[in-house]
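To start, the structure itself, in structure tokens.
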Amino acid sequence: MTEPTLLIRDLHLSFKGYSGLVEVLHGISMHINRGERVALVGESGSGKSVTARIVLGLLQMTRAARIGGLVAFEGQDIAQLSRRQHHRLRGTRMSMIFQDPTSSLNPVYRISEQFHEVLKRTVPDIEREEGDRRAAGLLSDCSIADPERVLASYPFQLSGGLNQRVMIAMALANEPSLLIADEPGTALDVTVQAQTLKLMRALVARHNTAVLFISHNLGVVREFADRVYVIYKGRIVEHGRTADLFDDPRHAYTRALMDAIPRLTGGGIPEIVDHSDSYLAPLIVHEGCAEPGGAR
Amino acid sequence: MSPVVRLIAKRLGISLIVLIGVSMLIFTIARVIPGDPARIALGPNATAEQVAALRERLHLNESLPVQYGYFIADLAQGDLGISLYTNRPVTRDIAQFLPATLELILVAGTMMILIGLPLGVISARYRDTWIDGTVRVVSLLGVSAPSFVWAVILMLLFAFFLPIFPIAGRMADSFTVPTVTGFLLIDTLVAGNTRAFGSAAWHIVLPAFALALSGIGQAARLTRANMVETYDKPFIEMARSYGFPERRIANRYAFRPSMIPSLTIIGLDFAAMLGNAFLVEAVFAWPGLSRYGVAVILRKDLNAIVGTVLVISAMFLIVNIIVDLLIAFINPRIRLSQRTA
Amino acid sequence: MKRTLAILVSNPLSALGVILVAAVVFSAIFADFLVPFPSHRGAVVDFANFNQPPSWQNLFGTDLVGRDLFSRVIFAYRISLVLGVVVLTIAVPVGVTVGLVAGYLGGWTETVLMRITDVFLSIPPLVLAMSMMGLLEPTLTNGMLAVTAMWWPWYTRLVYNIARSEKEEGYVLAAEVIGASRLHVIFREILPNCVPAVLTKMTLDLGFVILIASSLSFLGLGVQPPTPDLGSMVADGAKYLPDSWWLTVFPGLAILVAVFGFNLLGDALREILGVEQ
């Protein structure tokens, strides 16, 4: 069996604050195989986004963060990587799509300049014209009809949906093996969000890119992911293939999440206000979904 | 009409209105103060007839609005009246003294930008490290003393204690160069006299640095604060997660958006130098507008005071327009939007 | 309040700010009991001891008529602080009210008030105060007047910007909907939101008023002798550089220490109250 693209085992994270250490992740384990689309689902504050930032190596820059456990990317323990080596992976082997495309693009530079910077990650001496040509091609792949106009624009001149496509094109430009999508398009309206997710799904399938899809929205996850991890307060509570999990949610928290999906729109943020002790019940793993190496 | 042209036109219009306001304000202050300007000008030994004649000549017997009317009519012809102190046209006095002051301010302003902004960028990039701490303390010290204190301390250290720089003046007396612009750094080069240029450059270092210090501190503090805020923006996280080099993020991706709010204040600091130059010039015996300004103020030379304040305010407004243009240049929203902010 | 104090003390720079400000204020208030030569604040001469370098008896040395410089510096703090407090007591309410009214009412009121403010802001602060001082008699009262005249517009601008953004907020609209009067909205709804920013600026400004006032008197346009004043001490001493260096260095550093202290404290407040720069 080949190495999974991403393997996380017993990951702990705590922050040093005014009143001592606060643990945010209590030992989570998960994996993503090559080209697989895996969702990590939970409420805000459950630890989804920090997990993504640990994989990218962004949280390691924060001095208040204490990280324990194993994160291996393509078989390589990232804790063993030097800062430089980890830096070399970002934007090349792994990349990320953010929640709000418009504010994730620099407001004072044209798309073309920002795209050029992304392309320079793999071809450091790429010329501007060559960069624009490649960027235009990538934008066309994202169903953008007039890539030249988009490249010459500033983010504020484009719609949120267009910016989202630009982000997707940038994220896939260097053919990463892992794409992290952190609540992609939550800031967009529902139909635009659905369109871009469909587009993203087609593109990652074509490039055989593995995806860590972070969301609080089970409706969206169902459309997108092969497998689902449900996270609650820094612990994985349920894990299974998407179909299995949706047909037969076994953990009390997963069931509560599902009841909270807004029926009509599919958008919006499900807030589960009530807390129940049953949410803290141990991890439930569906058949055939064991972690490699038997980690829990 | 392009948005930038529209912006300039609008700013010029507003500036003109403000300048008229300034002239009214300073004119009113000058006229409502106790004491007879004519009597002050002529001194206690003048006869009542002489005072009356001067009052007539200066239109002092008219109502305030009428006096202001005369003033504006003269101003429109480039006439700011006669200085009672030098007995020469105020415009000529200002033309003589202004270049030295402007030269000092321009050099100090350049120092402020070239030292203050990089300090702020470094401070933000190494936020919460000892580098940041050092820069913060140093820049706060910079803004915590008036320019004349820095001038005295710098003079004591680098002109007396370590005699590196000259104590006073704009250039060694042994050099003479024909006046072309009034800026010695330029005139010496026009004359092709590189040694005189060297002397002029050597003379301006300490006064300009003393004048620049609080601006440097202010610019560094402001740049740091705005950079730190920008660093929390999603687009910086995006740049990081794509592995853009940290240095490039600091110098371009975070710096440029941060400059939009900083520039206005930096423009104000530049303008504050117009006032602080008075303090530094006094310490270094710099033959600029300061000595003239203080002299005319102490002698209650109304025309000269009004003229000096007007010219300084006009320069201030010009700086503001330049700053607005720079902001428009950096911020595409202003440059490209149809309505100007 | 407890939290505020805890944060103030936990950061060494903020703590230094608290200490410096406390020391300056304390020494200014109790100057009569603290300084070795209280009478030296006035026109006293002691020619036997003139122009002496720092010693244990005269920490900062003595001036040209033999007065203890340390005593005079402490008394100068008192004048500076009184001036600062009076200036802010007048300038802040005026500036804040104009800013609130202009920001909330908008329309013609806004245009007129803000253009007037612009006029004041278009004259470099020191130049405006200088010309006023020159035209008036140089006394302490007139000094306060001149500095006040240049100070209020900064508060107007600060509060104006806050008021303009706050008036779109839900709670203001809610108050308007239930028929609150304009006065109520301005002073009871919007004003409280300006307090942190104004308070921070006032702390910083106490330092800067000292700075500007000393600049005025340095040019001979401020407090007149024999009243002790830091600016005029530096100006008088500058003629005797470098030999009698203490005449300028100590009063100069005294300004630096006081302003630095208020700046540190202001910065700390800004952080605690979450005020933007």
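Ordering of the structure tokens sets the chain letters (A, B, ...); residue numbers start at 1 within each chain; ligands are numbered from 1 in the order shown.
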
ask   = When the cut-off is 9 Å and we count only C-alpha atoms, which residues of chain A are near chain B, given as a PyMOL selection string?
value = chain A and resi 53+56-58+87-92+94-98+100-109+117-118+120-121+154+156-157+171

key: Contact residues (chain B, partner chain C, 7 Å, only C-alpha atoms) as a ChimeraX atom specification   = /B:18,21-22,30,33,140-141,144-146,149,156,160,271-272,274-275,297-298,300,305,313,316-317

Selected residues written out with N, CA and C atoms, as an mmCIF file, in the first residue's frame:
```cif
data_model
loop_
_atom_site.group_PDB
_atom_site.id
_atom_site.type_symbol
_atom_site.label_atom_id
_atom_site.label_comp_id
_atom_site.auth_asym_id
_atom_site.auth_seq_id
_atom_site.Cartn_x
_atom_site.Cartn_y
_atom_site.Cartn_z
ATOM 1 N N VAL B 18 -9.723 76.447 1.748
ATOM 2 C CA VAL B 18 -9.077 76.397 3.052
ATOM 3 C C VAL B 18 -8.061 77.530 3.186
ATOM 4 N N GLY B 21 -9.725 80.584 3.977
ATOM 5 C CA GLY B 21 -10.072 80.515 5.389
ATOM 6 C C GLY B 21 -8.888 80.851 6.271
ATOM 7 N N VAL B 22 -7.729 80.287 5.940
ATOM 8 C CA VAL B 22 -6.520 80.556 6.719
ATOM 9 C C VAL B 22 -6.213 82.050 6.698
ATOM 10 N N ALA B 30 -4.621 88.903 13.576
ATOM 11 C CA ALA B 30 -3.644 89.992 13.521
ATOM 12 C C ALA B 30 -4.295 91.345 13.775
ATOM 13 N N ILE B 33 -6.111 91.892 17.829
ATOM 14 C CA ILE B 33 -5.310 91.912 19.045
ATOM 15 C C ILE B 33 -5.164 93.336 19.562
ATOM 16 N N LEU B 140 9.657 55.626 20.012
ATOM 17 C CA LEU B 140 8.879 56.388 20.989
ATOM 18 C C LEU B 140 9.740 57.500 21.602
ATOM 19 N N LEU B 141 11.017 57.184 21.839
ATOM 20 C CA LEU B 141 11.917 58.230 22.329
ATOM 21 C C LEU B 141 11.990 59.359 21.306
ATOM 22 N N SER B 144 9.293 61.722 21.610
ATOM 23 C CA SER B 144 9.063 62.230 22.957
ATOM 24 C C SER B 144 9.867 63.476 23.311
ATOM 25 N N ALA B 145 10.633 63.998 22.391
ATOM 26 C CA ALA B 145 11.335 65.243 22.709
ATOM 27 C C ALA B 145 11.149 66.217 21.557
ATOM 28 N N PRO B 146 11.012 67.503 21.868
ATOM 29 C CA PRO B 146 10.891 68.483 20.800
ATOM 30 C C PRO B 146 12.193 68.557 20.002
ATOM 31 N N VAL B 149 15.438 69.949 21.496
ATOM 32 C CA VAL B 149 16.212 69.118 22.429
ATOM 33 C C VAL B 149 17.118 68.171 21.652
ATOM 34 N N LEU B 156 25.773 68.686 20.743
ATOM 35 C CA LEU B 156 26.723 68.423 21.825
ATOM 36 C C LEU B 156 27.537 67.166 21.527
ATOM 37 N N PHE B 160 30.468 69.020 19.180
ATOM 38 C CA PHE B 160 31.412 69.424 20.231
ATOM 39 C C PHE B 160 32.219 68.230 20.751
ATOM 40 N N ALA B 271 4.340 68.109 7.436
ATOM 41 C CA ALA B 271 3.903 69.486 7.633
ATOM 42 C C ALA B 271 4.343 70.022 8.989
ATOM 43 N N ALA B 272 4.343 69.124 9.997
ATOM 44 C CA ALA B 272 4.764 69.573 11.319
ATOM 45 C C ALA B 272 6.204 70.057 11.282
ATOM 46 N N LEU B 274 7.425 71.902 9.119
ATOM 47 C CA LEU B 274 7.421 73.316 8.756
ATOM 48 C C LEU B 274 7.476 74.175 10.009
ATOM 49 N N GLY B 275 6.819 73.694 11.063
ATOM 50 C CA GLY B 275 6.866 74.430 12.319
ATOM 51 C C GLY B 275 8.119 74.123 13.107
ATOM 52 N N ILE B 297 7.586 88.097 14.434
ATOM 53 C CA ILE B 297 6.578 87.848 15.458
ATOM 54 C C ILE B 297 6.864 88.698 16.684
ATOM 55 N N LEU B 298 8.124 88.723 17.093
ATOM 56 C CA LEU B 298 8.475 89.503 18.278
ATOM 57 C C LEU B 298 8.248 90.995 18.043
ATOM 58 N N LYS B 300 5.849 92.180 16.126
ATOM 59 C CA LYS B 300 4.451 92.360 15.729
ATOM 60 C C LYS B 300 4.342 92.996 14.338
ATOM 61 N N ILE B 305 3.996 88.627 9.371
ATOM 62 C CA ILE B 305 3.434 87.445 10.052
ATOM 63 C C ILE B 305 2.378 86.785 9.172
ATOM 64 N N SER B 313 1.242 77.728 5.196
ATOM 65 C CA SER B 313 0.008 76.954 5.027
ATOM 66 C C SER B 313 -0.147 76.477 3.596
ATOM 67 N N PHE B 316 1.907 73.561 3.166
ATOM 68 C CA PHE B 316 1.245 72.449 3.854
ATOM 69 C C PHE B 316 0.168 71.830 2.965
ATOM 70 N N LEU B 317 -0.625 72.702 2.326
ATOM 71 C CA LEU B 317 -1.699 72.189 1.478
ATOM 72 C C LEU B 317 -1.136 71.482 0.256
#
```

query = Got a sec: who's within 12 Å of Ile186 (chain B), counting only C-alpha atoms, leaving out chain neighbours fewer than 4 positions off, as a PyMOL selection string?
reply = chain B and resi 99-100+103+177-182+190-194+196-198+200-201

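Every protein, DNA or RNA residue with an atom at most 12 Å from Ile321 (chain B), where only C-alpha atoms count and chain neighbours fewer than 4 positions away do not, is listed here: Val4, Val5, Leu7, Ile8, Ala9, Lys10, Arg11, Leu12, Gly13, Ile14, Ser15, Leu16, Leu263, Thr264, Gly267, Leu268, Ala271, Ala314, Met315, Phe316, Leu317, Leu325, Leu326, Ile327 and Ala328 of chain B; Ser122 of chain C.
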
Please write the residues from the selection above to a file, keeping N, CA and C atoms, as a PDB file, in the first residue's frame.
```
ATOM      1  N   VAL B   4      -8.204  60.529 -11.586  1.00  0.00           N
ATOM      2  CA  VAL B   4      -7.077  61.197 -10.932  1.00  0.00           C
ATOM      3  C   VAL B   4      -7.121  62.698 -11.173  1.00  0.00           C
ATOM      4  N   VAL B   5      -7.429  63.081 -12.434  1.00  0.00           N
ATOM      5  CA  VAL B   5      -7.531  64.514 -12.745  1.00  0.00           C
ATOM      6  C   VAL B   5      -8.644  65.138 -11.903  1.00  0.00           C
ATOM      7  N   LEU B   7      -9.696  64.104  -9.089  1.00  0.00           N
ATOM      8  CA  LEU B   7      -9.236  64.164  -7.705  1.00  0.00           C
ATOM      9  C   LEU B   7      -8.377  65.408  -7.478  1.00  0.00           C
ATOM     10  N   ILE B   8      -7.437  65.646  -8.403  1.00  0.00           N
ATOM     11  CA  ILE B   8      -6.559  66.809  -8.252  1.00  0.00           C
ATOM     12  C   ILE B   8      -7.390  68.082  -8.247  1.00  0.00           C
ATOM     13  N   ALA B   9      -8.315  68.168  -9.217  1.00  0.00           N
ATOM     14  CA  ALA B   9      -9.135  69.370  -9.328  1.00  0.00           C
ATOM     15  C   ALA B   9      -9.901  69.615  -8.034  1.00  0.00           C
ATOM     16  N   LYS B  10     -10.469  68.523  -7.506  1.00  0.00           N
ATOM     17  CA  LYS B  10     -11.261  68.674  -6.290  1.00  0.00           C
ATOM     18  C   LYS B  10     -10.376  69.121  -5.122  1.00  0.00           C
ATOM     19  N   ARG B  11      -9.204  68.483  -4.996  1.00  0.00           N
ATOM     20  CA  ARG B  11      -8.315  68.830  -3.894  1.00  0.00           C
ATOM     21  C   ARG B  11      -7.833  70.268  -4.013  1.00  0.00           C
ATOM     22  N   LEU B  12      -7.534  70.679  -5.254  1.00  0.00           N
ATOM     23  CA  LEU B  12      -7.082  72.058  -5.445  1.00  0.00           C
ATOM     24  C   LEU B  12      -8.174  73.025  -5.025  1.00  0.00           C
ATOM     25  N   GLY B  13      -9.406  72.711  -5.405  1.00  0.00           N
ATOM     26  CA  GLY B  13     -10.531  73.568  -5.049  1.00  0.00           C
ATOM     27  C   GLY B  13     -10.676  73.689  -3.542  1.00  0.00           C
ATOM     28  N   ILE B  14     -10.669  72.543  -2.869  1.00  0.00           N
ATOM     29  CA  ILE B  14     -10.807  72.554  -1.411  1.00  0.00           C
ATOM     30  C   ILE B  14      -9.646  73.323  -0.780  1.00  0.00           C
ATOM     31  N   SER B  15      -8.444  73.080  -1.294  1.00  0.00           N
ATOM     32  CA  SER B  15      -7.271  73.750  -0.736  1.00  0.00           C
ATOM     33  C   SER B  15      -7.393  75.261  -0.861  1.00  0.00           C
ATOM     34  N   LEU B  16      -7.920  75.693  -1.991  1.00  0.00           N
ATOM     35  CA  LEU B  16      -8.068  77.128  -2.192  1.00  0.00           C
ATOM     36  C   LEU B  16      -9.032  77.708  -1.165  1.00  0.00           C
ATOM     37  N   LEU B 263      -0.073  57.091   5.030  1.00  0.00           N
ATOM     38  CA  LEU B 263       0.423  58.230   4.260  1.00  0.00           C
ATOM     39  C   LEU B 263      -0.137  59.563   4.729  1.00  0.00           C
ATOM     40  N   THR B 264      -1.431  59.585   5.041  1.00  0.00           N
ATOM     41  CA  THR B 264      -2.041  60.845   5.451  1.00  0.00           C
ATOM     42  C   THR B 264      -1.311  61.420   6.657  1.00  0.00           C
ATOM     43  N   GLY B 267       2.098  62.644   5.915  1.00  0.00           N
ATOM     44  CA  GLY B 267       1.992  63.970   5.323  1.00  0.00           C
ATOM     45  C   GLY B 267       1.877  65.043   6.400  1.00  0.00           C
ATOM     46  N   LEU B 268       1.075  64.742   7.437  1.00  0.00           N
ATOM     47  CA  LEU B 268       0.918  65.702   8.536  1.00  0.00           C
ATOM     48  C   LEU B 268       2.238  65.900   9.274  1.00  0.00           C
ATOM     49  N   ALA B 271       4.340  68.109   7.436  1.00  0.00           N
ATOM     50  CA  ALA B 271       3.903  69.486   7.633  1.00  0.00           C
ATOM     51  C   ALA B 271       4.343  70.022   8.989  1.00  0.00           C
ATOM     52  N   ALA B 314       0.246  77.344   2.644  1.00  0.00           N
ATOM     53  CA  ALA B 314       0.138  76.945   1.243  1.00  0.00           C
ATOM     54  C   ALA B 314       1.027  75.734   0.990  1.00  0.00           C
ATOM     55  N   MET B 315       2.218  75.747   1.560  1.00  0.00           N
ATOM     56  CA  MET B 315       3.104  74.600   1.374  1.00  0.00           C
ATOM     57  C   MET B 315       2.509  73.352   1.998  1.00  0.00           C
ATOM     58  N   PHE B 316       1.907  73.561   3.166  1.00  0.00           N
ATOM     59  CA  PHE B 316       1.245  72.449   3.854  1.00  0.00           C
ATOM     60  C   PHE B 316       0.168  71.830   2.965  1.00  0.00           C
ATOM     61  N   LEU B 317      -0.625  72.702   2.326  1.00  0.00           N
ATOM     62  CA  LEU B 317      -1.699  72.189   1.478  1.00  0.00           C
ATOM     63  C   LEU B 317      -1.136  71.482   0.256  1.00  0.00           C
ATOM     64  N   LEU B 325      -2.411  62.312  -3.890  1.00  0.00           N
ATOM     65  CA  LEU B 325      -2.069  61.680  -5.164  1.00  0.00           C
ATOM     66  C   LEU B 325      -1.352  60.365  -4.938  1.00  0.00           C
ATOM     67  N   LEU B 326      -0.442  60.348  -3.960  1.00  0.00           N
ATOM     68  CA  LEU B 326       0.278  59.115  -3.657  1.00  0.00           C
ATOM     69  C   LEU B 326      -0.693  58.027  -3.217  1.00  0.00           C
ATOM     70  N   ILE B 327      -1.666  58.425  -2.387  1.00  0.00           N
ATOM     71  CA  ILE B 327      -2.647  57.445  -1.930  1.00  0.00           C
ATOM     72  C   ILE B 327      -3.439  56.900  -3.116  1.00  0.00           C
ATOM     73  N   ALA B 328      -3.832  57.806  -3.999  1.00  0.00           N
ATOM     74  CA  ALA B 328      -4.573  57.365  -5.177  1.00  0.00           C
ATOM     75  C   ALA B 328      -3.715  56.422  -6.011  1.00  0.00           C
TER      76      ALA B 328
ATOM     77  N   SER C 122      -4.756  73.312   8.828  1.00  0.00           N
ATOM     78  CA  SER C 122      -3.877  73.597   7.695  1.00  0.00           C
ATOM     79  C   SER C 122      -2.731  74.512   8.066  1.00  0.00           C
TER      80      SER C 122
END
```

Using only C-alpha atoms, which protein or nucleic acid residues come within 10 Å of Glu281 (chain B)? Drop anything in the same chain fewer than 6 positions from it, and give the result as a short mmCIF file (atom, residue, chain, number, x, y, z; two decimals) with N, CA and C atoms, in the first residue's frame.
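The resulting file, selection10.cif, is shown below:
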```cif
data_model
loop_
_atom_site.label_atom_id
_atom_site.label_comp_id
_atom_site.auth_asym_id
_atom_site.auth_seq_id
_atom_site.Cartn_x
_atom_site.Cartn_y
_atom_site.Cartn_z
N ALA B 100 16.22 78.03 2.09
CA ALA B 100 17.05 77.37 3.10
C ALA B 100 16.19 76.47 3.97
N THR B 101 15.01 76.97 4.37
CA THR B 101 14.12 76.17 5.20
C THR B 101 13.58 74.97 4.42
N LEU B 104 16.13 72.26 4.11
CA LEU B 104 16.25 71.53 5.37
C LEU B 104 15.10 70.53 5.53
N SER B 147 12.08 69.03 18.76
CA SER B 147 13.24 69.03 17.88
C SER B 147 14.41 69.79 18.46
N PHE B 148 14.13 70.84 19.26
CA PHE B 148 15.27 71.63 19.74
C PHE B 148 16.10 70.85 20.75
N ALA B 151 18.20 68.69 18.69
CA ALA B 151 19.23 69.52 18.06
C ALA B 151 20.37 69.78 19.04
N ALA B 168 27.34 75.20 12.97
CA ALA B 168 26.31 76.12 12.50
C ALA B 168 26.51 76.45 11.03
N GLY B 169 25.49 77.05 10.45
CA GLY B 169 25.57 77.55 9.10
C GLY B 169 25.20 76.52 8.05
N PRO B 207 21.38 69.25 11.41
CA PRO B 207 20.07 69.92 11.56
C PRO B 207 18.93 69.09 10.96
N ALA B 208 19.18 68.51 9.79
CA ALA B 208 18.11 67.73 9.15
C ALA B 208 17.77 66.52 10.01
N LEU B 211 15.75 67.50 12.98
CA LEU B 211 14.39 67.81 12.55
C LEU B 211 13.63 66.53 12.21
N PRO B 287 20.19 79.90 8.39
CA PRO B 287 19.60 81.18 7.93
C PRO B 287 18.34 80.97 7.11
N GLY B 288 17.30 80.43 7.73
CA GLY B 288 16.06 80.16 7.01
C GLY B 288 14.94 81.09 7.45
N LEU B 289 13.73 80.63 7.19
CA LEU B 289 12.55 81.44 7.48
C LEU B 289 12.35 81.64 8.98
N SER B 290 12.96 80.76 9.77
CA SER B 290 12.73 80.80 11.21
C SER B 290 13.18 82.10 11.84
N ARG B 291 14.43 82.45 11.56
CA ARG B 291 14.95 83.65 12.21
C ARG B 291 14.07 84.84 11.85
#
```

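Every residue of region 40-216 of chain A found in strand (DSSP E) when DSSP is run on the backbone appears here: A:Leu40, A:Val41, A:Ala65, A:Arg66, A:Ile67, A:Gly68, A:Gly69, A:Leu70, A:Val71, A:Ala72, A:Phe73, A:Gln76, A:Asp77, A:Met94, A:Ser95, A:Met96, A:Ile97, A:Leu178, A:Leu179, A:Ile180, A:Ala181, A:Asp182, A:Ala210, A:Val211, A:Leu212, A:Phe213, A:Ile214, A:Ser215.
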
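Around region 138-152 of chain A, within 6 Å and counting only C-alpha atoms, the residues found are Ile111, Ser112 and Ala169 of chain A, once anything fewer than 6 positions away on its own chain is removed.
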
Test item: residues at most 8 Å from Val198 (chain C), only C-alpha atoms, excluding those fewer than 3 positions along its chain, as a count of residues only = 7

remark   = Of A:Gly75, A:Pro292, A:Gly137, A:Gly47, the one nearest to Ile214 (chain A) when counting only C-alpha atoms is A:Gly47

request  = Give the alpha helix (DSSP H) residues of region 183-271 of chain C, as assigned by DSSP on the backbone, as number ranges by chain.
outcome  = C: 183-184, 191-218, 230-238, 246-271
